[in-house]
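*Asks:* Input structure: entry_1.csv, which contains CSV, C-alpha atoms and all ligand atoms.
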```
chain,number,residue,atom,x,y,z
C,1,MET,CA,-110.2,17.3,-4.2
C,2,ILE,CA,-108.3,14.1,-3.1
C,3,ILE,CA,-105.4,14.3,-0.7
C,4,GLN,CA,-103.0,11.3,-0.5
C,5,LEU,CA,-101.1,11.0,2.8
C,6,LYS,CA,-97.5,9.8,2.9
C,7,ALA,CA,-97.0,6.2,4.0
C,8,SER,CA,-95.3,7.5,7.1
C,9,ALA,CA,-98.2,9.9,8.1
C,10,GLY,CA,-100.0,7.4,10.3
C,11,ASN,CA,-103.0,8.4,12.4
C,12,THR,CA,-101.4,11.5,13.7
C,13,GLY,CA,-101.0,12.9,10.1
C,14,LEU,CA,-104.6,12.0,9.3
C,15,GLU,CA,-105.9,13.8,12.4
C,16,LYS,CA,-103.7,16.9,11.7
C,17,LEU,CA,-105.1,17.0,8.2
C,18,VAL,CA,-108.7,16.7,9.4
C,19,SER,CA,-108.2,19.6,11.9
C,20,HIS,CA,-106.5,21.7,9.2
C,21,LEU,CA,-109.5,21.2,6.9
C,22,ALA,CA,-111.9,22.0,9.7
C,23,LYS,CA,-110.1,25.3,10.2
C,24,ASP,CA,-110.5,26.0,6.4
C,25,GLY,CA,-114.3,25.4,6.7
C,26,VAL,CA,-114.4,21.7,5.6
C,27,PRO,CA,-116.1,19.7,8.4
C,28,ARG,CA,-115.4,16.0,8.9
C,29,ARG,CA,-118.8,15.0,7.4
C,30,ARG,CA,-117.6,16.3,4.0
C,31,LEU,CA,-114.6,13.8,4.1
C,32,ASP,CA,-114.5,10.3,2.7
C,33,ILE,CA,-111.5,8.6,4.2
C,34,PHE,CA,-110.0,5.5,2.5
C,35,SER,CA,-107.2,3.6,4.4
C,36,GLY,CA,-105.4,1.1,2.3
C,37,ASP,CA,-102.5,-1.1,3.5
C,38,THR,CA,-99.9,1.6,2.9
C,39,TYR,CA,-101.7,4.9,2.0
C,40,THR,CA,-104.6,6.9,3.2
C,41,LEU,CA,-106.7,8.9,0.8
C,42,VAL,CA,-108.9,11.8,1.9
C,43,GLY,CA,-111.6,12.8,-0.5
C,44,ILE,CA,-113.3,16.2,0.0
C,45,LYS,CA,-116.9,16.2,-1.1
C,46,GLY,CA,-118.5,19.4,-2.4
C,47,ASN,CA,-116.9,22.7,-3.5
C,48,ALA,CA,-113.2,22.7,-2.6
C,49,SER,CA,-112.3,25.6,-5.0
C,50,LYS,CA,-111.4,28.0,-2.2
C,51,LEU,CA,-108.9,25.6,-0.6
C,52,ASP,CA,-105.3,26.5,-1.3
C,53,LEU,CA,-103.8,23.5,-3.1
C,54,GLY,CA,-100.2,24.6,-2.5
C,55,LYS,CA,-100.7,24.9,1.2
C,56,TYR,CA,-102.0,21.3,1.5
C,57,GLN,CA,-99.2,20.1,-0.8
C,58,SER,CA,-96.6,21.6,1.5
C,59,LEU,CA,-97.7,19.8,4.7
C,60,ASP,CA,-95.0,17.4,5.6
C,61,TYR,CA,-97.3,14.4,5.9
C,62,VAL,CA,-99.0,14.9,2.5
C,63,LEU,CA,-97.8,13.1,-0.6
C,64,THR,CA,-100.1,14.5,-3.4
C,65,VAL,CA,-103.1,16.7,-3.8
C,66,HIS,CA,-105.4,16.4,-6.8
C,67,ARG,CA,-108.1,18.8,-7.8
C,68,ILE,CA,-110.9,16.8,-9.4
C,69,SER,CA,-113.1,19.5,-10.8
C,70,ASP,CA,-112.1,22.1,-13.3
C,71,PRO,CA,-110.9,25.3,-11.7
C,72,PHE,CA,-112.5,27.1,-14.6
C,73,LYS,CA,-115.8,25.3,-14.0
C,74,GLU,CA,-117.9,28.3,-15.2
C,75,LEU,CA,-116.2,28.2,-18.6
C,76,SER,CA,-116.4,24.4,-18.9
C,77,ARG,CA,-118.9,22.8,-21.3
C,78,GLN,CA,-119.6,20.3,-18.5
C,79,PHE,CA,-121.5,23.0,-16.6
C,80,HIS,CA,-122.9,25.0,-19.4
C,81,PRO,CA,-125.4,23.8,-21.9
C,82,GLY,CA,-124.3,24.7,-25.4
C,83,GLU,CA,-121.9,27.4,-26.6
C,84,THR,CA,-121.6,31.0,-25.5
C,85,VAL,CA,-123.0,33.1,-28.3
C,86,VAL,CA,-122.0,36.7,-28.3
C,87,GLU,CA,-124.6,38.7,-30.2
C,88,LEU,CA,-123.5,42.0,-31.7
C,89,THR,CA,-125.8,45.0,-32.2
C,90,ASN,CA,-126.3,44.2,-36.0
C,91,GLY,CA,-127.5,40.7,-35.1
C,92,HIS,CA,-124.2,38.9,-36.0
C,93,ARG,CA,-123.6,36.0,-33.5
C,94,VAL,CA,-120.0,35.3,-32.6
C,95,GLY,CA,-119.9,31.6,-31.7
C,96,ARG,CA,-122.9,30.7,-33.9
C,97,ASP,CA,-122.2,32.4,-37.2
C,98,LEU,CA,-118.8,32.3,-39.0
C,99,SER,CA,-117.0,35.5,-37.8
C,100,LEU,CA,-114.7,37.0,-40.3
C,101,ILE,CA,-113.0,40.0,-38.7
C,102,ALA,CA,-110.8,42.0,-41.1
C,103,GLY,CA,-109.3,45.4,-41.5
C,104,PRO,CA,-106.0,47.3,-41.0
C,105,CYS,CA,-103.6,46.7,-38.2
C,106,ALA,CA,-103.6,50.4,-37.5
C,107,ILE,CA,-106.0,53.1,-38.5
C,108,GLU,CA,-103.7,55.5,-40.4
C,109,SER,CA,-106.0,58.0,-42.1
C,110,ARG,CA,-109.6,58.5,-43.2
C,111,GLU,CA,-108.7,57.4,-46.7
C,112,GLN,CA,-106.9,54.3,-45.7
C,113,LEU,CA,-109.6,53.2,-43.3
C,114,PHE,CA,-112.5,53.8,-45.6
C,115,GLN,CA,-110.8,52.1,-48.6
C,116,THR,CA,-109.8,49.1,-46.6
C,117,ALA,CA,-113.2,48.9,-44.9
C,118,GLU,CA,-115.0,48.9,-48.2
C,119,LEU,CA,-112.7,46.3,-49.6
C,120,VAL,CA,-113.3,43.9,-46.7
C,121,ALA,CA,-117.0,44.6,-46.4
C,122,LYS,CA,-117.4,43.7,-50.1
C,123,THR,CA,-115.4,40.5,-49.9
C,124,GLY,CA,-117.0,38.8,-46.9
C,125,ALA,CA,-115.9,40.4,-43.6
C,126,ASN,CA,-118.7,40.7,-41.1
C,127,ILE,CA,-116.7,42.6,-38.4
C,128,LEU,CA,-114.2,45.5,-39.1
C,129,ARG,CA,-110.9,45.7,-37.1
C,130,GLY,CA,-108.8,48.8,-36.7
C,131,GLY,CA,-106.2,49.7,-34.1
C,132,ALA,CA,-106.2,53.2,-32.7
C,133,PHE,CA,-103.8,52.5,-29.8
C,134,LYS,CA,-100.9,50.4,-31.0
C,135,PRO,CA,-98.6,48.5,-28.7
C,136,ARG,CA,-95.3,48.9,-30.7
C,137,THR,CA,-92.1,47.2,-29.8
C,138,ILE,CA,-90.2,50.4,-30.5
C,139,HIS,CA,-91.9,53.4,-28.9
C,140,ARG,CA,-90.8,55.8,-31.6
C,141,SER,CA,-92.7,53.8,-34.3
C,142,PHE,CA,-96.2,54.9,-35.2
C,143,GLN,CA,-98.4,54.6,-32.1
C,144,GLY,CA,-101.8,54.9,-33.7
C,145,LEU,CA,-104.1,57.9,-34.0
C,146,GLY,CA,-105.6,57.4,-30.5
C,147,GLU,CA,-109.0,59.1,-30.0
C,148,ASP,CA,-109.0,60.3,-33.7
C,149,GLY,CA,-108.7,56.7,-34.8
C,150,LEU,CA,-111.7,55.6,-32.7
C,151,LYS,CA,-113.7,58.5,-34.1
C,152,LEU,CA,-112.9,57.4,-37.7
C,153,LEU,CA,-113.8,53.8,-36.8
C,154,ALA,CA,-117.2,54.9,-35.5
C,155,GLU,CA,-117.8,56.9,-38.7
C,156,VAL,CA,-116.8,54.1,-41.0
C,157,ARG,CA,-119.1,51.7,-39.0
C,158,ASP,CA,-122.0,53.8,-40.0
C,159,GLN,CA,-120.9,53.9,-43.6
C,160,VAL,CA,-120.2,50.2,-44.2
C,161,GLY,CA,-122.6,48.8,-41.6
C,162,LEU,CA,-120.1,46.5,-39.9
C,163,PRO,CA,-119.6,46.3,-36.1
C,164,VAL,CA,-116.1,47.3,-35.1
C,165,ILE,CA,-113.3,45.9,-32.9
C,166,SER,CA,-110.3,47.9,-31.5
C,167,GLU,CA,-107.6,47.2,-28.9
C,168,ILE,CA,-107.9,48.9,-25.6
C,169,MET,CA,-104.5,49.1,-23.9
C,170,ASP,CA,-105.1,51.2,-20.8
C,171,ALA,CA,-108.0,51.4,-18.3
C,172,ARG,CA,-107.8,55.2,-18.6
C,173,ASP,CA,-109.2,54.8,-22.1
C,174,ILE,CA,-112.4,53.1,-21.0
C,175,PRO,CA,-114.4,56.4,-21.3
C,176,LEU,CA,-113.2,56.7,-25.0
C,177,PHE,CA,-114.3,53.2,-25.9
C,178,VAL,CA,-117.7,53.9,-24.3
C,179,LYS,CA,-117.9,57.3,-26.0
C,180,TYR,CA,-117.4,55.8,-29.5
C,181,ASP,CA,-119.4,52.7,-28.6
C,182,ILE,CA,-116.8,50.3,-29.8
C,183,ASP,CA,-118.6,47.0,-30.4
C,184,ILE,CA,-115.9,44.6,-29.3
C,185,TRP,CA,-113.0,45.6,-27.0
C,186,GLN,CA,-109.8,43.8,-27.8
C,187,VAL,CA,-107.3,42.9,-25.0
C,188,GLY,CA,-104.0,42.4,-26.8
C,189,ALA,CA,-101.4,39.6,-26.2
C,190,ARG,CA,-99.3,42.0,-24.1
C,191,ASN,CA,-102.2,42.6,-21.6
C,192,CYS,CA,-103.4,39.1,-21.4
C,193,LEU,CA,-102.2,38.6,-17.9
C,194,ASN,CA,-102.4,42.2,-16.7
C,195,TYR,CA,-104.8,41.4,-13.9
C,196,ALA,CA,-105.5,44.9,-12.7
C,197,PHE,CA,-106.5,45.9,-16.2
C,198,LEU,CA,-108.7,42.8,-16.7
C,199,ASP,CA,-110.4,43.5,-13.4
C,200,ALA,CA,-111.0,47.1,-14.5
C,201,LEU,CA,-112.6,45.9,-17.7
C,202,SER,CA,-114.7,43.3,-15.9
C,203,GLU,CA,-116.2,46.1,-13.8
C,204,VAL,CA,-117.4,48.3,-16.7
C,205,PRO,CA,-121.2,48.9,-16.4
C,206,ASN,CA,-123.2,47.6,-19.5
C,207,PRO,CA,-120.0,46.1,-20.9
C,208,LYS,CA,-119.4,45.3,-24.6
C,209,PRO,CA,-118.0,41.9,-25.7
C,210,VAL,CA,-114.3,41.5,-25.0
C,211,LEU,CA,-111.9,39.6,-27.3
C,212,LEU,CA,-109.0,38.3,-25.2
C,213,LYS,CA,-105.8,37.3,-27.1
C,214,ARG,CA,-103.6,34.6,-25.7
C,215,GLY,CA,-100.3,36.3,-24.8
C,216,ASP,CA,-97.0,35.0,-26.0
C,217,HIS,CA,-96.3,31.7,-24.2
C,218,VAL,CA,-99.3,32.1,-22.0
C,219,SER,CA,-100.5,28.7,-20.9
C,220,LEU,CA,-104.0,27.5,-21.4
C,221,ASN,CA,-104.6,27.6,-17.7
C,222,GLU,CA,-103.3,31.2,-17.5
C,223,LEU,CA,-105.5,32.1,-20.5
C,224,LEU,CA,-108.6,30.5,-18.9
C,225,GLY,CA,-107.8,32.2,-15.5
C,226,ALA,CA,-107.7,35.6,-17.3
C,227,ALA,CA,-110.9,34.8,-19.2
C,228,LEU,CA,-112.7,33.8,-16.0
C,229,ARG,CA,-111.7,37.2,-14.4
C,230,LEU,CA,-113.4,39.0,-17.3
C,231,TYR,CA,-116.3,36.5,-17.4
C,232,GLU,CA,-117.3,37.0,-13.8
C,233,GLY,CA,-118.2,40.7,-14.6
C,234,ASN,CA,-119.1,40.2,-18.3
C,235,PRO,CA,-119.9,36.8,-19.8
C,236,GLN,CA,-119.4,38.1,-23.4
C,237,VAL,CA,-115.8,36.9,-23.7
C,238,ILE,CA,-114.3,35.7,-26.9
C,239,LEU,CA,-110.9,34.0,-26.9
C,240,CYS,CA,-108.2,34.5,-29.6
C,241,GLU,CA,-105.2,32.4,-30.5
C,242,ARG,CA,-102.4,34.4,-32.1
C,243,GLY,CA,-99.3,32.2,-31.7
C,244,ASP,CA,-96.0,32.2,-29.8
C,245,LYS,CA,-92.5,33.1,-30.7
C,246,THR,CA,-90.4,30.0,-31.2
C,247,ALA,CA,-86.7,29.3,-31.6
C,248,ASP,CA,-87.2,29.4,-35.3
C,249,ARG,CA,-86.9,33.1,-36.2
C,250,VAL,CA,-88.1,32.7,-39.8
C,251,HIS,CA,-91.6,33.3,-38.6
C,252,ARG,CA,-92.7,36.0,-36.2
C,253,ASN,CA,-94.9,33.6,-34.4
C,254,VAL,CA,-96.2,30.1,-34.7
C,255,LEU,CA,-99.9,29.4,-34.2
C,256,ASN,CA,-100.8,26.8,-31.6
C,257,LEU,CA,-103.8,25.1,-33.2
C,258,ASN,CA,-103.8,22.4,-30.4
C,259,ASN,CA,-105.2,25.2,-28.2
C,260,VAL,CA,-108.1,25.9,-30.6
C,261,SER,CA,-109.2,22.3,-30.7
C,262,TYR,CA,-108.7,21.8,-26.9
C,263,LEU,CA,-110.6,25.0,-26.0
C,264,LYS,CA,-113.5,24.1,-28.3
C,265,HIS,CA,-113.7,20.5,-26.9
C,266,HIS,CA,-113.8,21.5,-23.3
C,267,TYR,CA,-114.9,25.1,-23.0
C,268,HIS,CA,-117.9,27.0,-24.2
C,269,LEU,CA,-116.4,30.4,-25.2
C,270,PRO,CA,-116.0,31.3,-28.9
C,271,VAL,CA,-112.5,31.0,-30.2
C,272,ILE,CA,-111.1,33.2,-33.0
C,273,VAL,CA,-107.8,32.5,-34.8
C,274,ASP,CA,-105.5,35.4,-35.8
C,275,PRO,CA,-103.3,34.0,-38.6
C,276,SER,CA,-101.8,37.5,-39.3
C,277,HIS,CA,-100.0,37.9,-35.9
C,278,GLY,CA,-99.9,34.1,-35.6
C,279,THR,CA,-97.5,33.9,-38.6
C,280,GLY,CA,-96.2,37.4,-39.4
C,281,VAL,CA,-95.8,36.3,-43.0
C,282,ARG,CA,-98.4,37.2,-45.7
C,283,GLU,CA,-97.9,34.0,-47.7
C,284,LEU,CA,-98.9,31.9,-44.7
C,285,VAL,CA,-101.9,33.9,-43.5
C,286,VAL,CA,-104.6,32.3,-45.7
C,287,ASP,CA,-103.3,28.7,-45.2
C,288,MET,CA,-103.0,29.0,-41.4
C,289,GLY,CA,-106.4,30.8,-41.2
C,290,LEU,CA,-108.1,28.0,-43.0
C,291,ALA,CA,-106.3,25.5,-40.8
C,292,GLY,CA,-107.6,27.3,-37.8
C,293,LEU,CA,-111.2,26.9,-39.0
C,294,ALA,CA,-110.5,23.2,-39.7
C,295,ALA,CA,-109.3,22.9,-36.1
C,296,GLY,CA,-112.7,24.2,-34.9
C,297,ALA,CA,-112.3,28.0,-34.6
C,298,ASP,CA,-115.5,30.1,-34.8
C,299,GLY,CA,-113.8,32.7,-37.0
C,300,LEU,CA,-110.7,34.6,-38.0
C,301,MET,CA,-109.2,38.0,-37.4
C,302,VAL,CA,-107.1,39.0,-40.5
C,303,GLU,CA,-105.1,42.1,-41.1
C,304,VAL,CA,-106.0,43.7,-44.5
C,305,HIS,CA,-104.7,46.9,-46.0
C,306,HIS,CA,-105.7,48.4,-49.3
C,307,GLN,CA,-102.0,49.0,-50.0
C,308,PRO,CA,-100.0,46.7,-47.7
C,309,GLU,CA,-96.7,48.0,-49.1
C,310,LYS,CA,-97.5,51.4,-47.6
C,311,ALA,CA,-98.8,50.2,-44.2
C,312,LEU,CA,-97.4,52.0,-41.2
C,313,CYS,CA,-97.7,48.8,-39.1
C,314,ASP,CA,-97.6,45.1,-40.0
C,315,GLY,CA,-97.7,45.5,-43.8
C,316,ALA,CA,-95.6,42.3,-44.2
C,317,GLN,CA,-98.5,40.2,-42.7
C,318,SER,CA,-101.4,42.2,-44.3
C,319,LEU,CA,-103.5,40.8,-47.1
C,320,SER,CA,-105.2,42.9,-49.7
C,321,ARG,CA,-107.3,41.4,-52.4
C,322,GLU,CA,-106.4,37.8,-51.3
C,323,PHE,CA,-108.8,38.3,-48.5
C,324,GLY,CA,-111.7,38.0,-50.9
C,325,ALA,CA,-110.2,34.8,-52.3
C,326,MET,CA,-110.0,33.3,-48.9
C,327,THR,CA,-113.6,34.0,-47.7
C,328,PRO,CA,-115.5,31.4,-49.8
C,329,LEU,CA,-113.0,28.7,-48.7
C,330,ALA,CA,-113.3,29.8,-45.1
C,331,ALA,CA,-117.1,29.5,-45.3
C,332,ALA,CA,-116.9,26.0,-46.9
C,333,ILE,CA,-114.4,24.7,-44.2
C,334,TRP,CA,-116.4,26.3,-41.4
C,335,GLN,CA,-119.6,24.6,-42.7
C,336,ALA,CA,-117.9,21.2,-43.0
C,337,ARG,CA,-116.5,21.6,-39.5
C,338,THR,CA,-119.9,22.4,-38.1
C,339,SER,CA,-121.1,19.0,-39.3
C,340,LEU,CA,-118.1,17.3,-37.8
C,341,ASN,CA,-119.0,19.0,-34.4
C,342,ALA,CA,-122.4,17.4,-34.5
C,343,THR,CA,-120.8,13.9,-35.1
C,344,GLN,CA,-118.3,14.5,-32.3
C,345,ALA,CA,-121.1,15.5,-30.0
C,346,ASP,CA,-122.9,12.2,-30.9
C,347,LEU,CA,-119.7,10.2,-30.2
C,348,GLY,CA,-119.3,12.0,-26.8
C,349,LEU,CA,-116.0,13.7,-27.9
C,350,LEU,CA,-117.3,17.1,-26.9
C,351,GLU,CA,-117.9,17.7,-23.3
C,352,ASP,CA,-121.5,18.4,-22.8
C,353,ALA,CA,-123.6,19.5,-19.8
C,354,THR,CA,-126.6,17.8,-21.3
C,355,ALA,CA,-124.9,14.4,-21.9
C,356,ALA,CA,-124.8,13.2,-18.3
I,401,LIG,C1,-103.3,43.5,-33.0
I,401,LIG,O1,-104.2,42.7,-33.2
I,401,LIG,O2,-103.3,44.7,-33.4
I,401,LIG,C2,-102.1,43.2,-32.1
I,401,LIG,C3,-101.3,44.1,-31.7
I,401,LIG,O3,-102.0,41.9,-31.8
I,401,LIG,P1,-101.3,41.1,-30.6
I,401,LIG,O4,-101.9,41.7,-29.4
I,401,LIG,O5,-101.8,39.7,-30.9
I,401,LIG,O6,-99.9,41.3,-30.8
I,402,MN,MN,-100.8,44.1,-36.2
```
If you took the structure in this file and wrote it as structure tokens, what would it be?
Ligand code: PEP
Ligand code: MN

*Replies:*
Amino acid sequence: MIIQLKASAGNTGLEKLVSHLAKDGVPRRRLDIFSGDTYTLVGIKGNASKLDLGKYQSLDYVLTVHRISDPFKELSRQFHPGETVVELTNGHRVGRDLSLIAGPCAIESREQLFQTAELVAKTGANILRGGAFKPRTIHRSFQGLGEDGLKLLAEVRDQVGLPVISEIMDARDIPLFVKYDIDIWQVGARNCLNYAFLDALSEVPNPKPVLLKRGDHVSLNELLGAALRLYEGNPQVILCERGDKTADRVHRNVLNLNNVSYLKHHYHLPVIVDPSHGTGVRELVVDMGLAGLAAGADGLMVEVHHQPEKALCDGAQSLSREFGAMTPLAAAIWQARTSLNATQADLGLLEDATAA
């Protein structure tokens, strides 16, 4: 951290700052002081992550405070050799293999779930999604089947042989997710910054991988802060980009693909793109999903329904047979992108703990 004093601070300001830092556990020997003609800079060596930046910024003799190291250091590629790879029980490796997560927005019935699961399993999905607890805008809309939905999901997993992902909305449901051994626990956009909930998830013993969706208009720093909370208790964290609402109401949401590229360049967690919620419009889902892979995503999460026109939730953004038309293209783009990553690493465009 570097603190720049105001031109008017003088020696008194400098001494006040030094004693402030000492009270916060930073002795003088950890300081490098540079006095120019006008300004004095105080550099703090070593770990300054516990210092409250705002407090120092508010001192009346301080002009600016800069943090030098990434506050999300543990997630940064600079401090972690290689990518985080999340291995599922069937051997699929999220972050190393192309992850194609597909299935219905909501589990509606045995017949709907089994038909859709068979469709996606035959056409290239390697993880099955299905919502049992649905965060609906209108509370009178279909809310999901709850525990019965998780039960069906566990049954269909045995039948089609794909690991399953489902959204957990409430810490009180943790025992159910454990009971049905849900392979990936999804934290939805609405809970992205629900810190008490994230802390409860990070304390689950023998935790399963967690997929954390970026909430609407949640900044990258907020997303990384939320991811780090989970990561401290459970390093199997997968990030998911699902777009923001914009002033343009033609689309439900607009994907932020800058985020995908940025996260992959600087951080080591896998990133999945959800082009279904990220657009809200069926005709855009394939195009934007492929664009997400071109931007560096490790995979996609796509809503598929065997009869989208009958879906109880998100039918307008659900694919049916088009999913199978997308998967070969997805694999080709992901493959090409993997070669580009190697070139970028050679050129030093990817942060890399082993490069220094
Ligand atoms: C979902 O994936 O079912 C969902 C509700 O998505 P989001 O949290 O992105 O709105
Ligand atoms: Mn949905």

*Asks:* Take CA of Lys179 in chain C and CA of Gly299 in chain C and report the distance between them in Å, one decimal.

*Replies:*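 Separation between CA of Lys179 in chain C and CA of Gly299 in chain C: 27.3 Å.
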
*Asks:* Could you check which of C:Val271, C:Cys240, C:Ile68, C:Leu293 is closest to ligand LIG 401 (chain I), using all atoms listed in the file?

*Replies:* C:Cys240

*Asks:* Using all atoms listed in the file, which residues sit within 12 Å of Asn258 in chain C once same-chain residues fewer than 3 positions away are excluded, as a PDB file with C-alpha atoms, keeping the file's coordinate frame?

*Replies:*
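After the write, part-v1.pdb holds the following:
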```pdb
ATOM      1  CA  SER C 219    -100.500  28.700 -20.900  1.00  0.00           C
ATOM      2  CA  LEU C 220    -104.000  27.500 -21.400  1.00  0.00           C
ATOM      3  CA  GLU C 241    -105.200  32.400 -30.500  1.00  0.00           C
ATOM      4  CA  GLY C 243     -99.300  32.200 -31.700  1.00  0.00           C
ATOM      5  CA  VAL C 254     -96.200  30.100 -34.700  1.00  0.00           C
ATOM      6  CA  LEU C 255     -99.900  29.400 -34.200  1.00  0.00           C
ATOM      7  CA  SER C 261    -109.200  22.300 -30.700  1.00  0.00           C
ATOM      8  CA  TYR C 262    -108.700  21.800 -26.900  1.00  0.00           C
ATOM      9  CA  LEU C 263    -110.600  25.000 -26.000  1.00  0.00           C
ATOM     10  CA  LYS C 264    -113.500  24.100 -28.300  1.00  0.00           C
ATOM     11  CA  HIS C 265    -113.700  20.500 -26.900  1.00  0.00           C
ATOM     12  CA  VAL C 273    -107.800  32.500 -34.800  1.00  0.00           C
ATOM     13  CA  ALA C 291    -106.300  25.500 -40.800  1.00  0.00           C
ATOM     14  CA  GLY C 292    -107.600  27.300 -37.800  1.00  0.00           C
ATOM     15  CA  ALA C 294    -110.500  23.200 -39.700  1.00  0.00           C
ATOM     16  CA  ALA C 295    -109.300  22.900 -36.100  1.00  0.00           C
ATOM     17  CA  GLY C 296    -112.700  24.200 -34.900  1.00  0.00           C
ATOM     18  CA  ALA C 297    -112.300  28.000 -34.600  1.00  0.00           C
TER      19      ALA C 297
END
```

*Asks:* Compare C:Ala121, C:Leu150, C:Cys313, C:Ile2 by their minimum atom-to-atom distance to Lys134 in chain C, counting all atoms listed in the file, and give me the closest one.

*Replies:*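 Closest to Lys134 in chain C, using all atoms listed in the file: C:Cys313.
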
*Asks:* Hey, can you check how far CA of Ser318 in chain C sits from CA of Ala332 in chain C?

*Replies:*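 Here the two named atoms are 22.6 Å from each other.
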
*Asks:* Hey, which of C:Met169, C:Ala226, C:Leu290, C:Ala331 ends up closest to ligand LIG 401 (chain I)? Count all atoms listed in the file.

*Replies:*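 The closest residue to ligand LIG 401 (chain I) is C:Met169.
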
*Asks:* For a test of reading the model, state the distance in Å between CA of Leu31 in chain C and CA of Gln78 in chain C, rounded to one decimal.

*Replies:*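 Taking CA of Leu31 in chain C as the start and CA of Gln78 in chain C as the end point, the length is 24.0 Å.
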
*Asks:* Return as a list of chain:residue names every polymer residue, whether protein, DNA or RNA, with at least one atom no more than 9 Å from an atom of ligand MN 402 (chain I); count all atoms listed in the file.

*Replies:*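 Residues satisfying the distance criterion: C:Pro104, C:Cys105, C:Ala106, C:Gly131, C:Lys134, C:Pro135, C:Ser276, C:His277, C:Gly280, C:Glu303, C:Cys313, C:Asp314, C:Gly315, C:Gln317, C:Ser318.
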
*Asks:* Kindly save the residues from that selection, with C-alpha atoms included, as a PDB file, in the frame of the given file.

*Replies:*
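As a result, again-v1.pdb now contains:
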```
ATOM      1  CA  PRO C 104    -106.000  47.300 -41.000  1.00  0.00           C
ATOM      2  CA  CYS C 105    -103.600  46.700 -38.200  1.00  0.00           C
ATOM      3  CA  ALA C 106    -103.600  50.400 -37.500  1.00  0.00           C
ATOM      4  CA  GLY C 131    -106.200  49.700 -34.100  1.00  0.00           C
ATOM      5  CA  LYS C 134    -100.900  50.400 -31.000  1.00  0.00           C
ATOM      6  CA  PRO C 135     -98.600  48.500 -28.700  1.00  0.00           C
ATOM      7  CA  SER C 276    -101.800  37.500 -39.300  1.00  0.00           C
ATOM      8  CA  HIS C 277    -100.000  37.900 -35.900  1.00  0.00           C
ATOM      9  CA  GLY C 280     -96.200  37.400 -39.400  1.00  0.00           C
ATOM     10  CA  GLU C 303    -105.100  42.100 -41.100  1.00  0.00           C
ATOM     11  CA  CYS C 313     -97.700  48.800 -39.100  1.00  0.00           C
ATOM     12  CA  ASP C 314     -97.600  45.100 -40.000  1.00  0.00           C
ATOM     13  CA  GLY C 315     -97.700  45.500 -43.800  1.00  0.00           C
ATOM     14  CA  GLN C 317     -98.500  40.200 -42.700  1.00  0.00           C
ATOM     15  CA  SER C 318    -101.400  42.200 -44.300  1.00  0.00           C
TER      16      SER C 318
END
```

*Asks:* Tell me which of C:His305, C:Arg29, C:Lys245, C:Arg214 sits closest to ligand LIG 401 (chain I), counting only C-alpha atoms and all ligand atoms.

*Replies:*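 Looking only at the distances to ligand LIG 401 (chain I), the closest residue turns out to be C:Arg214.
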
*Asks:* Could you pull the residues within 10 Å of Val187 in chain C, counting all atoms listed in the file, minus those fewer than 2 positions along the same chain, as number ranges by chain?

*Replies:* C: 166-170, 184-185, 189-194, 197-198, 201, 210-215, 239-240

*Asks:* Would you mind telling me which residue in C:Ile182, C:Leu145, C:Leu98, C:Ala48 lies nearest to Gln335 in chain C when using all atoms listed in the file?

*Replies:*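 Among the listed residues, C:Leu98 lies closest to Gln335 in chain C.
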
*Asks:* From the set C:Leu329, C:Ile101, C:Ala171, C:Leu153, which residue has the shortest atom-to-atom contact distance to ligand LIG 401 (chain I), counting only C-alpha atoms and all ligand atoms?

*Replies:*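 Result for the nearest residue to ligand LIG 401 (chain I): C:Ile101.
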